[in-house]
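Asker: This structure is in structure tokens; I'll ask about it shortly.
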Amino acid sequence: MITLADQFLVLVLLINFVALGTSRLIFSIRAVAAQGVILGILPALIHPFSWHLVGIILMILVTKGFVIPLLLNRAVRSAEIKREVEPFLGYVPTLLMGAVFTALSFAFAGKLPLLPEHQNYMFVPASMATLMTGFLVLTTRRKAISQVIGYLVLENGIFIFGLLLAEALPVMVEAGALLDLLVGTFVMGIVINHISREFSSLDTSRLTSLKEE
Amino acid sequence: MLLAALIILPLFGALVSWLIPYDRLRPKVLSLFTFAHLGITIQLLTFTPPESPDGWFHFDALGKIVLLSTSLLFLTCAFYSIGYLKYRRERSNRVICIGMLVCLSAASLVTITHHLGLMWVALETTTIFMAPMIYFNRNARSIEATWKYLLICSVGVALALIGLYFLAYATIVAQVEPSLLLDDLMRDAGKLSSGWVHAAFVFLLVGFGTKMGLAPLHTWKPDAYGEAPGLVGALLSGGLVNLAFLALLRVYQLCLATREIAFFQNALIGMGLFSMIVAAVFMARQADFKRMLAYSSVEHVGIMAVALGLGGKAIFGALFHVFANGLSKGVLFLSSGNIHRSYNSKSTDHVRGALRRLPWSGGLFLAGFIAVTGSPPFAPFISEFTVVSSAFIQGRYIVGTLFLVSLGIIFIGMALTVLPMVMGEAPPDSEKTSYRDSFWMVAAPLFLLLLVFLLGVWIPAPLMTLLKDGAALLEVRP
């Protein structure tokens, strides 16, 4: 089962590159949704069956795979934008940086004092690479929606690490974290709506009136 | 039982204010529920329930200190809102009332739990529910502030979550029972894998430091405090800051147990002093008085961080500063909100002669400035003096000197903004709105100022015991 989990993690890493390389917002929302669905399936592959597990998996699938993408899609539609134009850093450089970060994550994870049973699997490097990808998207894109997507990718990266810790994390805490993520995305969606109404654009580089003179 | 009421009652209040269709009634409901919350808090302080058997809920001295100051501040702000929201009839106050009550509930949860995961969830909840309140003014500037706040704080708190995961992984690597309960972690601290623990502390410091607004992670603060209504600014700078500080205190307790404390203390001193220097630089010639207050908040979280980093006697100063800073920030933000209402401007070019136009609010603002800059006989003087003297007693002359110099520059910088605002005559071109000082909008900051004054001259015995118990939890044991 673990090898299957590893293959899914490879998919997660590939989706990172989709999020880094595409300029179509709807497409990157779908990519993040797909990543969320994979993260929902992963716990089923590595943990023994329990009703708690079923509950968690359902929650992840519904929030990450369905509700959050729905919220983001609505925001994109009401803002009437389709593409991320002119990011602060171009697509090719960010893709290259993403590749470098991924390689570094693998090199670094090999040096970490991991448990022997985690040593040969990709959870830790995949988590770090996804985290870095999230940061990259967050910092290099102009559109508010893209920044939210970056935040979600970053959260996914943290979540992959959390898969190793199922015994330490009670269901209530996981559910709470997911709920926070959901409400957070909901609020961000509303703010995005207001940004597009106020500035007739989702360009966060226009948000510059507040600074020290 | 009462602990549950502490969480559920404000949530019930939020539900009630969601259902009530009248804007006029809602602030009163808010006041009623915050009043009940303070009542329960005091009851819990006198008759503390024992730790819950699973170790999740433990209302210790540190939690008590933060909960008491938070509950007091929320109560005062709720009564202030009765007067304030009358002036803001143009839009519904549903969001702000619900947001305050949900934040109060989550804040209580942060203070009573010893499960770090649950604490994280509650802290993130306060971050999210504050965002719509910052956006209360619904204009381009406030949306920019809200966006920066939401994104930076969410990412910051997410980094803290990684830190917690690292801690949990350290327990798994050490082959002890995997857990995120503070007491379990402290018990097993000696066995934990040091590499993971070290990394965890770095992430936790960055994460909670962002939420607290320690420089260089403070960039959201001037914008959010500047654009939010004074009422929300008071809650942010006097309430949420203390919650993030409590989270750092929990990390500190863990550090003490794992003997990584020297590293963590040095990082705190470094970030704290840097915050104070940044505040000193940006406070000078600040033309926007609400942004000036934001930098004052950066300064005071810096003071708390330095105090924590020094350890020893300074810990008492840090814990006392939770009250001193929280309450005096309340005075400043609430009275500055009144001045803002009257002049319809927060630029010092337009706001002059506030003492003449608004004797109460102007006077309170001036007194708040004197208190917050650490002049006797107000409470911040005691905490700041404790910190400075223990820095010199410990022989950390450089830290002590930098601390004093920053305080001096900040005093001058703040005076150059505040004194022209309250003294003199209003310029003829400045706007004059229909705002008049009303009972609740003066009584609320006045009450806080009296508390700050009272604590400056006399610390009641129960509070003293509480502070000492709290400091004992943070002492380095041989």
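Ordering of the structure tokens sets the chain letters (A, B, ...); residue numbers start at 1 within each chain; ligands are numbered from 1 in the order shown.
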Could you give me, as a tab-separated table, a per-residue list for segment 212-263 of chain B showing, wherever an atom lies at most 10 Å from an atom of segment 272-284 of chain B, the closest pair of atoms and their distance in Å to one decimal, using only C-alpha atoms and sorting by chain then residue number from low to high?
Answerer:
```
residue	atom	partner	partner_atom	distance
B:Gly213	CA	B:Ser275	CA	8.6
B:Leu214	CA	B:Ser275	CA	5.8
B:Ala215	CA	B:Ser275	CA	4.5
B:Pro216	CA	B:Ser275	CA	7.1
B:Leu217	CA	B:Ser275	CA	9.1
B:His218	CA	B:Ser275	CA	8.3
```
Asker: Keeping C-alpha atoms, export the residues of the selection given above as a short mmCIF file (atom, residue, chain, number, x, y, z; two decimals), in the first residue's frame.
Answerer:
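Ended up saving to part_15.cif:
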```
data_model
loop_
_atom_site.label_atom_id
_atom_site.label_comp_id
_atom_site.auth_asym_id
_atom_site.auth_seq_id
_atom_site.Cartn_x
_atom_site.Cartn_y
_atom_site.Cartn_z
CA GLY B 213 3.60 41.46 15.36
CA LEU B 214 7.24 41.21 16.39
CA ALA B 215 9.57 42.93 13.91
CA PRO B 216 10.52 41.98 11.21
CA LEU B 217 7.20 40.12 10.98
CA HIS B 218 5.11 43.17 11.86
#
```
Asker: Near chain B, meaning an atom within 8 Å, which residues of chain A appear when counting only C-alpha atoms? Write them as a ChimeraX atom specification.
Answerer: /A:113-115,151,155,158,161-162,164-165,167-169,172-173,176-177,180,183-184,187-188,191,194-195,198-199,207-211
Asker: Atom CA of Ser78 of chain A and atom CA of Thr22 of chain A are how many Å apart?
Answerer: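 So the answer is 20.6 Å.
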Asker: Determine, using only C-alpha atoms, which residues of segment 83-171 of chain A have any atom at most 8 Å from an atom of segment 27-35 of chain A, and tabulate each with its shortest atom pair and distance in Å to one decimal place, rows ordered by chain and then rising number, as CSV.
Answerer:
```
residue,atom,partner,partner_atom,distance
A:Ile149,CA,A:Ile29,CA,6.9
A:Leu152,CA,A:Val32,CA,7.4
A:Val153,CA,A:Val32,CA,6.8
A:Asn156,CA,A:Gln35,CA,7.8
```
Asker: Next, write the just-selected residues to a file, as a PDB file, in the first residue's frame, keeping N, CA and C atoms as the atom set.
Answerer:
```pdb
ATOM      1  N   ILE A 149      -4.481  30.535  -3.865  1.00  0.00           N
ATOM      2  CA  ILE A 149      -4.089  29.203  -4.332  1.00  0.00           C
ATOM      3  C   ILE A 149      -2.735  28.823  -3.734  1.00  0.00           C
ATOM      4  N   LEU A 152      -3.237  27.735  -0.259  1.00  0.00           N
ATOM      5  CA  LEU A 152      -3.821  26.386  -0.153  1.00  0.00           C
ATOM      6  C   LEU A 152      -2.770  25.316  -0.428  1.00  0.00           C
ATOM      7  N   VAL A 153      -1.894  25.569  -1.421  1.00  0.00           N
ATOM      8  CA  VAL A 153      -0.831  24.593  -1.712  1.00  0.00           C
ATOM      9  C   VAL A 153       0.084  24.454  -0.496  1.00  0.00           C
ATOM     10  N   ASN A 156      -1.535  22.353   1.979  1.00  0.00           N
ATOM     11  CA  ASN A 156      -1.460  20.948   1.573  1.00  0.00           C
ATOM     12  C   ASN A 156      -0.113  20.357   1.960  1.00  0.00           C
TER      13      ASN A 156
END
```
Asker: Any idea what's packed within 10 Å of Thr133 of chain A, counting only C-alpha atoms, ignoring anything in its chain fewer than 2 positions away? Could you give it as a ChimeraX atom specification?
Answerer: /A:13,16-17,19-20,94-95,97-99,101-102,127-131,135-139,150-151,153-154,157
Asker: May I have the selected residues written with C-alpha atoms, as a PDB file, in the first residue's frame?
Answerer:
```pdb
ATOM      1  CA  LEU A  13       4.482  16.871  -6.838  1.00  0.00           C
ATOM      2  CA  ASN A  16       2.765  21.514  -7.839  1.00  0.00           C
ATOM      3  CA  PHE A  17       4.318  22.168 -11.210  1.00  0.00           C
ATOM      4  CA  ALA A  19       0.125  25.273 -10.170  1.00  0.00           C
ATOM      5  CA  LEU A  20       3.463  26.938 -10.878  1.00  0.00           C
ATOM      6  CA  THR A  94       9.279  30.013 -11.134  1.00  0.00           C
ATOM      7  CA  LEU A  95       9.077  26.556 -12.701  1.00  0.00           C
ATOM      8  CA  MET A  97      12.905  27.455  -8.984  1.00  0.00           C
ATOM      9  CA  GLY A  98      10.183  24.940  -8.184  1.00  0.00           C
ATOM     10  CA  ALA A  99      12.346  22.184  -9.670  1.00  0.00           C
ATOM     11  CA  PHE A 101      13.325  23.471  -4.442  1.00  0.00           C
ATOM     12  CA  THR A 102      11.940  19.989  -5.073  1.00  0.00           C
ATOM     13  CA  SER A 127       5.679  17.839   2.108  1.00  0.00           C
ATOM     14  CA  MET A 128       8.634  20.220   1.983  1.00  0.00           C
ATOM     15  CA  ALA A 129       8.505  20.583  -1.785  1.00  0.00           C
ATOM     16  CA  THR A 130       4.784  21.342  -1.700  1.00  0.00           C
ATOM     17  CA  LEU A 131       5.312  23.864   1.063  1.00  0.00           C
ATOM     18  CA  PHE A 135       5.440  29.961  -0.910  1.00  0.00           C
ATOM     19  CA  LEU A 136       6.652  30.494  -4.443  1.00  0.00           C
ATOM     20  CA  VAL A 137       3.135  30.921  -5.813  1.00  0.00           C
ATOM     21  CA  LEU A 138       2.205  33.154  -2.902  1.00  0.00           C
ATOM     22  CA  THR A 139       5.107  35.511  -3.410  1.00  0.00           C
ATOM     23  CA  GLY A 150      -0.525  29.514  -3.094  1.00  0.00           C
ATOM     24  CA  TYR A 151      -1.783  29.531   0.490  1.00  0.00           C
ATOM     25  CA  VAL A 153      -0.831  24.593  -1.712  1.00  0.00           C
ATOM     26  CA  LEU A 154       1.222  25.572   1.330  1.00  0.00           C
ATOM     27  CA  GLY A 157       2.272  20.683   2.163  1.00  0.00           C
TER      28      GLY A 157
END
```
Asker: Out of segment 130-170 of chain A, which residues get helix (DSSP H, G or I) from DSSP, as a PyMOL selection string?
Answerer: chain A and resi 130-140+144-165
Asker: Once you have the residues from the selection above, write them out as a short mmCIF file (atom, residue, chain, number, x, y, z; two decimals), in the first residue's frame, restricted to N, CA and C atoms.
Answerer:
```
data_model
loop_
_atom_site.label_atom_id
_atom_site.label_comp_id
_atom_site.auth_asym_id
_atom_site.auth_seq_id
_atom_site.Cartn_x
_atom_site.Cartn_y
_atom_site.Cartn_z
N THR A 130 6.09 20.71 -1.51
CA THR A 130 4.78 21.34 -1.70
C THR A 130 4.71 22.66 -0.94
N LEU A 131 5.27 22.65 0.26
CA LEU A 131 5.31 23.86 1.06
C LEU A 131 6.04 24.99 0.33
N MET A 132 7.22 24.64 -0.22
CA MET A 132 8.00 25.65 -0.92
C MET A 132 7.26 26.14 -2.17
N THR A 133 6.60 25.21 -2.86
CA THR A 133 5.82 25.61 -4.04
C THR A 133 4.75 26.63 -3.63
N GLY A 134 4.08 26.34 -2.52
CA GLY A 134 3.06 27.26 -2.05
C GLY A 134 3.63 28.64 -1.82
N PHE A 135 4.77 28.68 -1.16
CA PHE A 135 5.44 29.96 -0.91
C PHE A 135 5.76 30.69 -2.21
N LEU A 136 6.26 29.92 -3.16
CA LEU A 136 6.65 30.49 -4.44
C LEU A 136 5.45 31.13 -5.14
N VAL A 137 4.33 30.39 -5.16
CA VAL A 137 3.13 30.92 -5.81
C VAL A 137 2.66 32.16 -5.06
N LEU A 138 2.69 32.06 -3.74
CA LEU A 138 2.21 33.15 -2.90
C LEU A 138 2.98 34.44 -3.14
N THR A 139 4.30 34.30 -3.34
CA THR A 139 5.11 35.51 -3.41
C THR A 139 5.30 36.04 -4.82
N THR A 140 5.10 35.20 -5.83
CA THR A 140 5.42 35.69 -7.17
C THR A 140 4.20 36.12 -7.97
N ALA A 144 -5.04 38.29 -6.51
CA ALA A 144 -5.41 37.83 -5.16
C ALA A 144 -5.76 36.34 -5.17
N ILE A 145 -6.47 35.91 -6.23
CA ILE A 145 -6.87 34.49 -6.31
C ILE A 145 -5.64 33.60 -6.33
N SER A 146 -4.63 33.97 -7.12
CA SER A 146 -3.43 33.14 -7.19
C SER A 146 -2.77 33.05 -5.83
N GLN A 147 -2.83 34.15 -5.07
CA GLN A 147 -2.20 34.11 -3.74
C GLN A 147 -2.95 33.15 -2.82
N VAL A 148 -4.28 33.14 -2.95
CA VAL A 148 -5.03 32.17 -2.14
C VAL A 148 -4.65 30.75 -2.54
N ILE A 149 -4.48 30.53 -3.87
CA ILE A 149 -4.09 29.20 -4.33
C ILE A 149 -2.74 28.82 -3.73
N GLY A 150 -1.82 29.78 -3.71
CA GLY A 150 -0.53 29.51 -3.09
C GLY A 150 -0.67 29.12 -1.64
N TYR A 151 -1.55 29.84 -0.93
CA TYR A 151 -1.78 29.53 0.49
C TYR A 151 -2.32 28.11 0.65
N LEU A 152 -3.24 27.73 -0.26
CA LEU A 152 -3.82 26.39 -0.15
C LEU A 152 -2.77 25.32 -0.43
N VAL A 153 -1.89 25.57 -1.42
CA VAL A 153 -0.83 24.59 -1.71
C VAL A 153 0.08 24.45 -0.50
N LEU A 154 0.39 25.59 0.12
CA LEU A 154 1.22 25.57 1.33
C LEU A 154 0.56 24.73 2.43
N GLU A 155 -0.74 24.92 2.62
CA GLU A 155 -1.47 24.14 3.62
C GLU A 155 -1.42 22.65 3.28
N ASN A 156 -1.54 22.35 1.98
CA ASN A 156 -1.46 20.95 1.57
C ASN A 156 -0.11 20.36 1.96
N GLY A 157 0.94 21.16 1.80
CA GLY A 157 2.27 20.68 2.16
C GLY A 157 2.34 20.34 3.64
N ILE A 158 1.79 21.22 4.47
CA ILE A 158 1.77 20.95 5.91
C ILE A 158 0.98 19.69 6.19
N PHE A 159 -0.13 19.57 5.47
CA PHE A 159 -1.03 18.43 5.68
C PHE A 159 -0.32 17.10 5.40
N ILE A 160 0.53 17.07 4.35
CA ILE A 160 1.23 15.82 4.03
C ILE A 160 2.11 15.41 5.20
N PHE A 161 2.75 16.39 5.82
CA PHE A 161 3.57 16.05 6.98
C PHE A 161 2.69 15.50 8.10
N GLY A 162 1.50 16.09 8.23
CA GLY A 162 0.59 15.64 9.28
C GLY A 162 0.19 14.19 9.13
N LEU A 163 0.27 13.64 7.89
CA LEU A 163 -0.11 12.24 7.68
C LEU A 163 0.75 11.29 8.50
N LEU A 164 1.99 11.71 8.80
CA LEU A 164 2.88 10.85 9.56
C LEU A 164 2.50 10.81 11.03
N LEU A 165 1.61 11.70 11.44
CA LEU A 165 1.40 11.92 12.87
C LEU A 165 0.03 11.53 13.35
#
```
